[in-house]
>>> print(open('target.csv').read())   # CSV, C-alpha atoms
chain,number,residue,atom,x,y,z
W,9,ALA,CA,-16.2,4.9,4.5
W,10,VAL,CA,-12.7,5.9,5.3
W,11,LEU,CA,-10.6,8.6,3.6
W,12,ALA,CA,-6.8,9.0,4.0
W,13,SER,CA,-4.9,12.3,3.5
W,14,GLY,CA,-1.3,13.6,4.0
W,15,GLY,CA,0.3,17.0,4.1
W,16,ASN,CA,3.3,19.1,5.0
W,17,ASP,CA,2.8,18.4,8.7
W,18,THR,CA,4.3,14.9,8.0
W,19,ASN,CA,1.1,13.2,9.4
W,20,VAL,CA,-1.2,10.7,7.7
W,21,VAL,CA,-4.8,11.5,8.7
W,22,LEU,CA,-7.7,9.0,8.5
W,23,TRP,CA,-11.2,10.5,8.1
W,24,ASP,CA,-14.7,9.2,8.7
W,25,VAL,CA,-16.4,10.3,5.5
W,26,VAL,CA,-20.0,9.7,6.8
W,27,GLY,CA,-19.4,11.4,10.1
W,28,GLU,CA,-17.2,14.1,8.6
W,29,THR,CA,-14.7,13.8,11.4
W,30,GLY,CA,-11.1,12.7,11.8
W,31,ILE,CA,-10.4,9.2,13.1
W,32,CYS,CA,-6.7,9.3,13.9
W,33,LYS,CA,-3.3,10.7,13.0
W,34,LEU,CA,-0.6,8.3,11.9
W,35,ARG,CA,2.8,9.8,12.9
W,36,GLY,CA,6.2,8.6,11.7
W,37,HIS,CA,7.2,10.5,8.6
W,38,ARG,CA,9.9,13.1,8.9
W,39,GLY,CA,9.2,14.7,5.5
W,40,ALA,CA,6.0,16.1,3.9
W,41,VAL,CA,3.6,13.3,2.9
W,42,ASN,CA,3.1,13.7,-0.9
W,43,ASP,CA,0.7,10.8,-1.5
W,44,VAL,CA,-1.4,8.1,0.2
W,45,CYS,CA,-3.2,5.0,-1.0
W,46,LEU,CA,-5.8,2.8,0.8
W,47,LEU,CA,-5.1,-1.0,0.4
W,48,LYS,CA,-7.1,-4.1,1.0
W,49,GLY,CA,-10.3,-2.1,1.3
W,50,THR,CA,-9.4,0.0,4.3
W,51,GLU,CA,-7.2,-2.4,6.2
W,52,TYR,CA,-3.9,-0.7,5.3
W,53,VAL,CA,-2.6,2.6,4.1
W,54,ALA,CA,0.5,3.2,2.0
W,55,SER,CA,2.1,6.6,2.3
W,56,ALA,CA,5.0,8.3,0.4
W,57,SER,CA,7.0,11.2,1.8
W,58,LYS,CA,9.4,13.7,0.2
W,59,ASP,CA,12.3,12.3,2.2
W,60,GLY,CA,12.1,9.0,0.2
W,61,VAL,CA,10.3,6.9,2.8
W,62,LEU,CA,7.5,4.4,2.0
W,63,LYS,CA,5.4,3.4,4.9
W,64,LEU,CA,2.7,0.8,5.3
W,65,TRP,CA,0.2,1.3,8.1
W,66,ASP,CA,-2.3,-1.1,9.8
W,67,VAL,CA,-5.5,0.9,10.1
W,68,GLN,CA,-7.0,-1.3,12.8
W,69,THR,CA,-4.0,-1.0,15.2
W,70,GLN,CA,-3.0,2.4,13.8
W,71,HIS,CA,0.7,1.3,13.7
W,72,CYS,CA,3.3,1.3,11.0
W,73,VAL,CA,4.1,-2.2,9.9
W,74,GLN,CA,6.9,-1.4,7.4
W,75,THR,CA,9.3,1.4,6.5
W,76,ALA,CA,11.3,1.3,3.3
W,77,VAL,CA,13.6,3.9,1.7
W,78,VAL,CA,13.9,4.3,-2.0
W,79,PRO,CA,17.3,4.8,-3.8
W,80,SER,CA,16.5,8.2,-5.2
W,81,GLY,CA,15.9,9.7,-1.8
W,82,GLU,CA,12.5,11.2,-2.7
W,83,LEU,CA,9.0,9.9,-3.2
W,84,TRP,CA,6.3,11.9,-4.9
W,85,SER,CA,3.5,9.6,-5.9
W,86,LEU,CA,2.2,6.0,-5.5
W,87,ASP,CA,-0.7,3.8,-6.6
W,88,ALA,CA,-1.7,0.1,-6.4
W,89,THR,CA,-3.0,-2.3,-9.0
W,90,GLN,CA,-6.6,-3.5,-9.0
W,91,ASN,CA,-5.8,-6.8,-7.3
W,92,GLU,CA,-3.5,-4.9,-4.9
W,93,GLU,CA,-0.7,-7.3,-5.4
W,94,GLN,CA,1.6,-4.7,-6.8
W,95,LEU,CA,2.5,-1.2,-6.0
W,96,LEU,CA,4.1,1.5,-8.1
W,97,THR,CA,6.0,4.5,-6.7
W,98,GLY,CA,7.5,7.5,-8.4
W,99,GLY,CA,10.5,9.5,-7.1
W,100,ALA,CA,13.3,11.8,-8.1
W,101,GLY,CA,15.2,11.4,-11.3
W,102,GLY,CA,12.3,9.8,-13.0
W,103,GLU,CA,12.6,6.8,-10.7
W,104,ILE,CA,9.6,4.3,-11.0
W,105,ILE,CA,9.8,1.3,-8.7
W,106,LEU,CA,7.6,-1.8,-8.8
W,107,TRP,CA,6.8,-3.4,-5.4
W,108,ALA,CA,5.1,-6.8,-4.6
W,109,LEU,CA,2.5,-6.7,-1.9
W,110,GLU,CA,1.9,-9.8,0.3
W,111,ARG,CA,1.1,-10.8,3.8
W,112,LYS,CA,4.1,-11.9,5.8
W,113,PRO,CA,4.7,-12.7,9.5
W,114,LEU,CA,6.2,-9.9,11.5
W,115,VAL,CA,6.9,-11.4,14.9
W,116,GLU,CA,7.0,-14.9,16.3
W,117,SER,CA,7.1,-15.7,20.0
W,118,SER,CA,6.7,-18.8,22.1
W,119,GLN,CA,6.3,-19.4,25.8
W,120,SER,CA,7.1,-22.8,27.3
W,121,SER,CA,6.4,-23.8,30.9
W,122,ALA,CA,7.8,-27.3,30.7
W,123,ASP,CA,10.5,-28.5,33.2
W,124,THR,CA,12.0,-31.8,32.1
W,125,SER,CA,13.7,-32.3,35.5
W,126,GLY,CA,10.6,-33.7,37.1
W,127,ALA,CA,9.6,-30.5,39.0
W,128,ASP,CA,6.0,-29.2,39.3
W,129,THR,CA,4.6,-28.9,35.8
W,130,LYS,CA,1.7,-26.6,36.7
W,131,PRO,CA,2.1,-23.2,35.1
W,132,ASN,CA,2.6,-20.4,37.7
W,133,ALA,CA,0.5,-17.3,37.7
W,134,GLY,CA,3.2,-15.2,36.1
W,135,ALA,CA,3.7,-17.5,33.2
W,136,ALA,CA,-0.1,-17.9,32.7
W,137,SER,CA,-0.7,-14.1,32.7
W,138,LYS,CA,2.2,-13.6,30.3
W,139,ALA,CA,0.8,-16.3,27.9
W,140,ASN,CA,-2.6,-14.7,28.1
W,141,ALA,CA,-1.1,-11.3,27.3
W,142,VAL,CA,0.7,-12.7,24.3
W,143,ALA,CA,-2.5,-14.4,23.1
W,144,ALA,CA,-4.5,-11.2,23.6
W,145,THR,CA,-2.0,-9.2,21.6
W,146,ALA,CA,-1.9,-11.8,18.8
W,147,SER,CA,-5.6,-11.6,18.4
W,148,VAL,CA,-5.4,-8.2,16.8
W,149,GLY,CA,-4.7,-8.6,13.1
W,150,SER,CA,-2.7,-11.8,13.6
W,151,VAL,CA,-2.9,-15.6,13.7
W,152,ALA,CA,-2.4,-17.5,17.0
W,153,SER,CA,-1.8,-21.2,17.4
W,154,GLY,CA,-1.1,-23.5,20.3
W,155,ALA,CA,-1.8,-22.9,24.0
W,156,ALA,CA,0.1,-23.2,27.3
W,157,VAL,CA,-1.6,-26.2,28.7
W,158,GLY,CA,0.3,-28.2,31.4
W,159,GLY,CA,4.0,-28.3,30.8
W,160,SER,CA,4.3,-30.0,27.4
W,161,LYS,CA,2.8,-27.4,24.9
W,162,ALA,CA,4.1,-24.0,24.0
W,163,LEU,CA,2.2,-20.8,23.0
W,164,THR,CA,3.2,-19.6,19.5
W,165,ALA,CA,1.8,-16.4,18.1
W,166,SER,CA,2.5,-15.1,14.6
W,167,TRP,CA,1.8,-11.5,13.6
W,168,THR,CA,1.0,-11.1,9.9
W,169,ALA,CA,0.8,-7.9,8.0
W,170,LEU,CA,1.0,-6.5,4.5
W,171,ARG,CA,4.6,-6.1,3.3
W,172,ALA,CA,6.1,-4.5,0.2
W,173,THR,CA,9.1,-6.1,-1.5
W,174,MET,CA,11.0,-4.2,-4.2
W,175,GLN,CA,10.9,-6.0,-7.5
W,176,GLY,CA,12.8,-3.6,-9.7
W,177,THR,CA,12.7,-0.3,-11.6
W,178,LEU,CA,10.9,0.6,-14.8
W,179,GLU,CA,12.6,2.5,-17.7
W,180,SER,CA,11.8,6.2,-17.6
W,181,PRO,CA,11.9,8.7,-20.5
W,182,SER,CA,12.7,11.6,-18.1
W,183,THR,CA,15.2,12.6,-15.5
W,184,ALA,CA,12.7,14.9,-13.7
W,185,HIS,CA,10.9,13.8,-10.6
W,186,VAL,CA,7.5,12.1,-10.9
W,187,VAL,CA,4.6,14.4,-10.2
W,188,THR,CA,1.7,12.0,-10.4
W,189,LEU,CA,1.4,8.2,-11.0
W,190,ARG,CA,-2.1,6.8,-11.5
W,191,PHE,CA,-3.7,3.6,-12.8
W,192,SER,CA,-6.7,4.0,-15.1
W,193,ALA,CA,-10.2,3.2,-14.0
W,194,GLU,CA,-10.1,-0.2,-15.9
W,195,HIS,CA,-6.6,-0.7,-14.5
W,196,ASN,CA,-5.3,-1.7,-18.0
W,197,CYS,CA,-2.8,1.1,-18.1
W,198,VAL,CA,-0.9,3.5,-15.9
W,199,ALA,CA,0.0,7.1,-16.6
W,200,VAL,CA,3.1,8.8,-15.2
W,201,GLN,CA,3.5,12.5,-15.3
W,202,PHE,CA,6.9,14.1,-14.8
W,203,ALA,CA,7.9,17.6,-13.7
W,204,ASP,CA,9.2,18.4,-17.2
W,205,LYS,CA,5.7,17.9,-18.6
W,206,LYS,CA,6.5,14.5,-20.2
W,207,LEU,CA,3.8,11.8,-19.9
W,208,LEU,CA,4.5,8.1,-19.9
W,209,LEU,CA,1.8,5.5,-20.6
W,210,LEU,CA,2.4,1.9,-19.6
W,211,SER,CA,0.2,-1.1,-20.5
W,212,VAL,CA,-0.8,-3.4,-17.7
W,213,GLN,CA,-1.0,-7.1,-18.6
W,214,ASP,CA,-1.6,-10.3,-16.7
W,215,SER,CA,0.4,-13.5,-17.1
W,216,GLU,CA,-2.0,-15.0,-19.7
W,217,GLN,CA,-1.8,-11.8,-21.8
W,218,LEU,CA,2.0,-11.8,-21.6
W,219,LYS,CA,2.1,-15.5,-22.7
W,220,ARG,CA,-0.1,-14.8,-25.7
W,221,GLN,CA,1.9,-11.8,-26.6
W,222,LEU,CA,5.2,-13.8,-26.3
W,223,LYS,CA,3.6,-16.5,-28.4
W,224,ARG,CA,2.7,-14.0,-31.2
W,225,ARG,CA,6.1,-12.5,-31.1
W,226,LEU,CA,7.8,-15.9,-31.4
W,227,ALA,CA,5.4,-16.8,-34.3
W,228,LYS,CA,6.3,-13.6,-36.1
W,229,LYS,CA,10.0,-14.1,-35.5
W,230,ARG,CA,9.8,-17.7,-36.8
W,231,LYS,CA,8.0,-16.5,-40.0
W,232,ARG,CA,10.5,-13.7,-40.5
W,233,VAL,CA,13.4,-16.2,-40.1
W,234,GLU,CA,11.8,-18.6,-42.5
W,235,LYS,CA,11.1,-15.8,-45.0
W,236,GLU,CA,14.7,-14.7,-44.8
W,237,ALA,CA,16.0,-18.3,-45.2
W,238,ASP,CA,13.7,-18.7,-48.3
W,239,ALA,CA,15.0,-15.5,-49.7
W,240,GLU,CA,18.6,-16.6,-49.2
W,241,VAL,CA,17.9,-20.0,-50.9
W,242,ASP,CA,16.2,-18.2,-53.8
W,243,ALA,CA,19.2,-15.8,-54.2
W,244,LEU,CA,21.6,-18.8,-54.2
W,245,MET,CA,19.5,-20.6,-56.8
W,246,ASP,CA,19.3,-17.5,-59.0
W,247,LYS,CA,23.0,-17.1,-58.7
W,248,LYS,CA,23.6,-20.7,-59.6
W,249,THR,CA,21.3,-20.4,-62.6
W,250,GLU,CA,23.0,-17.3,-63.8
W,251,GLY,CA,26.4,-19.0,-63.4
W,252,GLU,CA,25.2,-22.1,-65.4
W,253,ALA,CA,23.8,-19.9,-68.1
W,254,LYS,CA,27.0,-17.9,-68.3
W,255,GLU,CA,29.1,-21.1,-68.6
W,256,SER,CA,26.8,-22.4,-71.3
W,257,THR,CA,27.2,-19.1,-73.3
W,258,GLU,CA,30.9,-19.2,-72.9
W,259,LYS,CA,31.1,-22.8,-74.2
W,260,GLU,CA,29.0,-22.0,-77.2
W,261,THR,CA,31.3,-19.1,-78.0
W,262,ASP,CA,34.5,-21.2,-77.7
W,263,ASP,CA,33.2,-23.9,-80.1
W,264,PRO,CA,34.6,-23.6,-83.7
W,265,VAL,CA,32.2,-22.4,-86.4
W,266,LEU,CA,32.2,-24.4,-89.6
W,267,SER,CA,31.3,-22.4,-92.7
W,268,PRO,CA,30.4,-24.1,-96.0
W,269,LEU,CA,33.1,-23.8,-98.7
W,270,ALA,CA,32.2,-21.8,-101.7
>>> encode(input="target.csv", output="structure tokens")
Amino acid sequence: AVLASGGNDTNVVLWDVVGETGICKLRGHRGAVNDVCLLKGTEYVASASKDGVLKLWDVQTQHCVQTAVVPSGELWSLDATQNEEQLLTGGAGGEIILWALERKPLVESSQSSADTSGADTKPNAGAASKANAVAATASVGSVASGAAVGGSKALTASWTALRATMQGTLESPSTAHVVTLRFSAEHNCVAVQFADKKLLLLSVQDSEQLKRQLKRRLAKKRKRVEKEADAEVDALMDKKTEGEAKESTEKETDDPVLSPLA
């Protein structure tokens, strides 16, 4: 089991819980690390620092694979959804940002040893060693394809890692900075606590739930519109009936009254 921690020394520390020893220090932040989160089991670590920097770390290689800066300039808390496809961060001014998490290629390189001029097509030792070095490096947390065989094929290596893409900000009821942001154990809601003691609860719904909710809203809106239309028709009919009754009364009043002669 692995545990991650951060502190004022700007380092993210990985710990072996069973052995009760430190595994490594991840250095790169310039401000105090306010929150950390393990992702994809223990493959990656997300860290948030007071200087507004979000970093994603590859635990296996112990290297930072992404650095992102938030608009507010401060980051205080972060947490991921249960499927770890989204990440929420909380910063200064009540800023709450939604991020999408997905694997993307980081580096692509190719090595070709072909010479179309009819020269010797055998790869020299330098090219072969360079190709082997690229292949060896690509084997760590990456996908390698192709091989430098003869002079017609090229070696292509693609490094893939978890990447965070900003999706947008959520409406906040406070202008104070976010103190803590956490999903519930069932991951059906998220609680956001602000420095001014305000608490925001947000419901977490998947696409099917949102479709059902939208369908219910449309059905309610349709019923409301139909009810309002029926009420308008009824009002017009009542007004027409009242007008006809009034005209009938006025006509009866205008007709001459014949009285019998004495």
>>> residues_near_point(input="target.csv", point="(9.0, 11.1, -11.0)", cutoff="10 Å", atoms="all atoms listed in the file", output="VMD selection string")
chain W and resid 80 82 to 85 97 to 104 180 182 to 189 200 to 204
>>> atom_distance(input="target.csv", atom1="CA of Cys32 (chain W)", atom2="CA of Arg190 (chain W)")
25.9 Å
>>> residues_around(input="target.csv", residues="Ala40 (chain W)", least_positions_apart="4", cutoff="12 Å", atoms="only C-alpha atoms", output="ChimeraX atom specification")
/W:13-20,35-36,44,55-62,82-84
>>> atom_distance(input="target.csv", atom1="CA of Phe191 (chain W)", atom2="CA of His71 (chain W)")
27.0 Å
>>> residues_around(input="target.csv", residues="Leu209 (chain W)", least_positions_apart="5", cutoff="7 Å", atoms="all atoms listed in the file", output="PyMOL selection string")
chain W and resi 197-200
>>> closest_residue(input="target.csv", among="W:Lys112, W:Arg171, W:Arg224, W:Lys219", to="Ala54 (chain W)", atoms="only C-alpha atoms")
W:Arg171
>>> atom_distance(input="target.csv", atom1="CA of Trp167 (chain W)", atom2="CA of Cys45 (chain W)")
22.6 Å
>>> closest_residue(input="target.csv", among="W:Leu208, W:Met174, W:Ala169, W:Val21", to="Leu95 (chain W)", atoms="all atoms listed in the file")
W:Met174
>>> decode(input="target.csv", residues="region 185-196 of chain W", atoms="all heavy atoms", output="short mmCIF file (atom, residue, chain, number, x, y, z; two decimals), in the first residue's frame")
data_model
loop_
_atom_site.label_atom_id
_atom_site.label_comp_id
_atom_site.auth_asym_id
_atom_site.auth_seq_id
_atom_site.Cartn_x
_atom_site.Cartn_y
_atom_site.Cartn_z
N HIS W 185 -11.59 31.55 -0.07
CA HIS W 185 -10.91 30.41 -0.68
C HIS W 185 -11.46 29.09 -0.16
O HIS W 185 -12.02 29.00 0.94
CB HIS W 185 -9.39 30.50 -0.44
CG HIS W 185 -8.97 30.19 0.96
ND1 HIS W 185 -8.85 28.91 1.44
CD2 HIS W 185 -8.61 31.00 1.99
CE1 HIS W 185 -8.44 28.94 2.70
NE2 HIS W 185 -8.29 30.19 3.06
N VAL W 186 -11.33 28.06 -0.98
CA VAL W 186 -11.80 26.72 -0.62
C VAL W 186 -10.85 26.11 0.40
O VAL W 186 -9.63 26.09 0.21
CB VAL W 186 -11.88 25.82 -1.87
CG1 VAL W 186 -12.26 24.40 -1.48
CG2 VAL W 186 -12.88 26.39 -2.86
N VAL W 187 -11.41 25.61 1.49
CA VAL W 187 -10.60 24.97 2.53
C VAL W 187 -10.45 23.48 2.24
O VAL W 187 -9.35 22.93 2.22
CB VAL W 187 -11.22 25.19 3.92
CG1 VAL W 187 -10.41 24.43 4.98
CG2 VAL W 187 -11.27 26.66 4.26
N THR W 188 -11.59 22.81 2.01
CA THR W 188 -11.59 21.37 1.76
C THR W 188 -12.63 21.04 0.71
O THR W 188 -13.73 21.60 0.72
CB THR W 188 -11.89 20.57 3.05
OG1 THR W 188 -10.98 20.97 4.07
CG2 THR W 188 -11.73 19.08 2.81
N LEU W 189 -12.28 20.11 -0.16
CA LEU W 189 -13.17 19.63 -1.21
C LEU W 189 -13.10 18.11 -1.23
O LEU W 189 -12.04 17.55 -1.49
CB LEU W 189 -12.76 20.23 -2.55
CG LEU W 189 -13.61 19.98 -3.79
CD1 LEU W 189 -13.43 21.13 -4.77
CD2 LEU W 189 -13.24 18.67 -4.46
N ARG W 190 -14.23 17.44 -0.93
CA ARG W 190 -14.21 15.98 -0.86
C ARG W 190 -15.50 15.38 -1.40
O ARG W 190 -16.58 15.90 -1.17
CB ARG W 190 -14.02 15.52 0.60
CG ARG W 190 -12.63 15.74 1.15
CD ARG W 190 -11.61 14.86 0.47
NE ARG W 190 -10.28 15.04 1.01
CZ ARG W 190 -9.39 15.91 0.56
NH1 ARG W 190 -9.71 16.70 -0.47
NH2 ARG W 190 -8.21 16.00 1.10
N PHE W 191 -15.33 14.23 -2.10
CA PHE W 191 -16.48 13.44 -2.53
C PHE W 191 -16.91 12.54 -1.38
O PHE W 191 -16.10 12.15 -0.53
CB PHE W 191 -16.12 12.60 -3.75
CG PHE W 191 -16.04 13.37 -5.03
CD1 PHE W 191 -14.84 13.92 -5.45
CD2 PHE W 191 -17.17 13.57 -5.81
CE1 PHE W 191 -14.76 14.64 -6.63
CE2 PHE W 191 -17.10 14.29 -6.99
CZ PHE W 191 -15.90 14.83 -7.39
N SER W 192 -18.20 12.19 -1.36
CA SER W 192 -18.71 11.28 -0.34
C SER W 192 -18.22 9.87 -0.60
O SER W 192 -17.68 9.57 -1.67
CB SER W 192 -20.25 11.31 -0.32
OG SER W 192 -20.75 10.82 -1.55
N ALA W 193 -18.43 8.98 0.38
CA ALA W 193 -17.97 7.60 0.23
C ALA W 193 -18.68 6.91 -0.92
O ALA W 193 -18.09 6.07 -1.62
CB ALA W 193 -18.20 6.83 1.53
N GLU W 194 -19.95 7.25 -1.16
CA GLU W 194 -20.70 6.67 -2.28
C GLU W 194 -20.44 7.41 -3.58
O GLU W 194 -20.92 7.01 -4.64
CB GLU W 194 -22.20 6.69 -1.98
CG GLU W 194 -22.63 5.81 -0.80
CD GLU W 194 -22.35 6.48 0.53
OE1 GLU W 194 -22.04 7.70 0.52
OE2 GLU W 194 -22.42 5.80 1.56
N HIS W 195 -19.73 8.54 -3.50
CA HIS W 195 -19.41 9.37 -4.67
C HIS W 195 -20.66 9.86 -5.39
O HIS W 195 -20.66 10.04 -6.61
CB HIS W 195 -18.51 8.61 -5.64
CG HIS W 195 -17.07 8.57 -5.20
ND1 HIS W 195 -16.11 9.41 -5.71
CD2 HIS W 195 -16.45 7.82 -4.27
CE1 HIS W 195 -14.96 9.14 -5.13
NE2 HIS W 195 -15.14 8.19 -4.25
N ASN W 196 -21.76 10.06 -4.64
CA ASN W 196 -22.97 10.61 -5.24
C ASN W 196 -23.13 12.10 -4.94
O ASN W 196 -24.09 12.73 -5.39
CB ASN W 196 -24.20 9.84 -4.78
CG ASN W 196 -24.33 9.81 -3.26
OD1 ASN W 196 -23.52 10.41 -2.55
ND2 ASN W 196 -25.33 9.13 -2.76
#
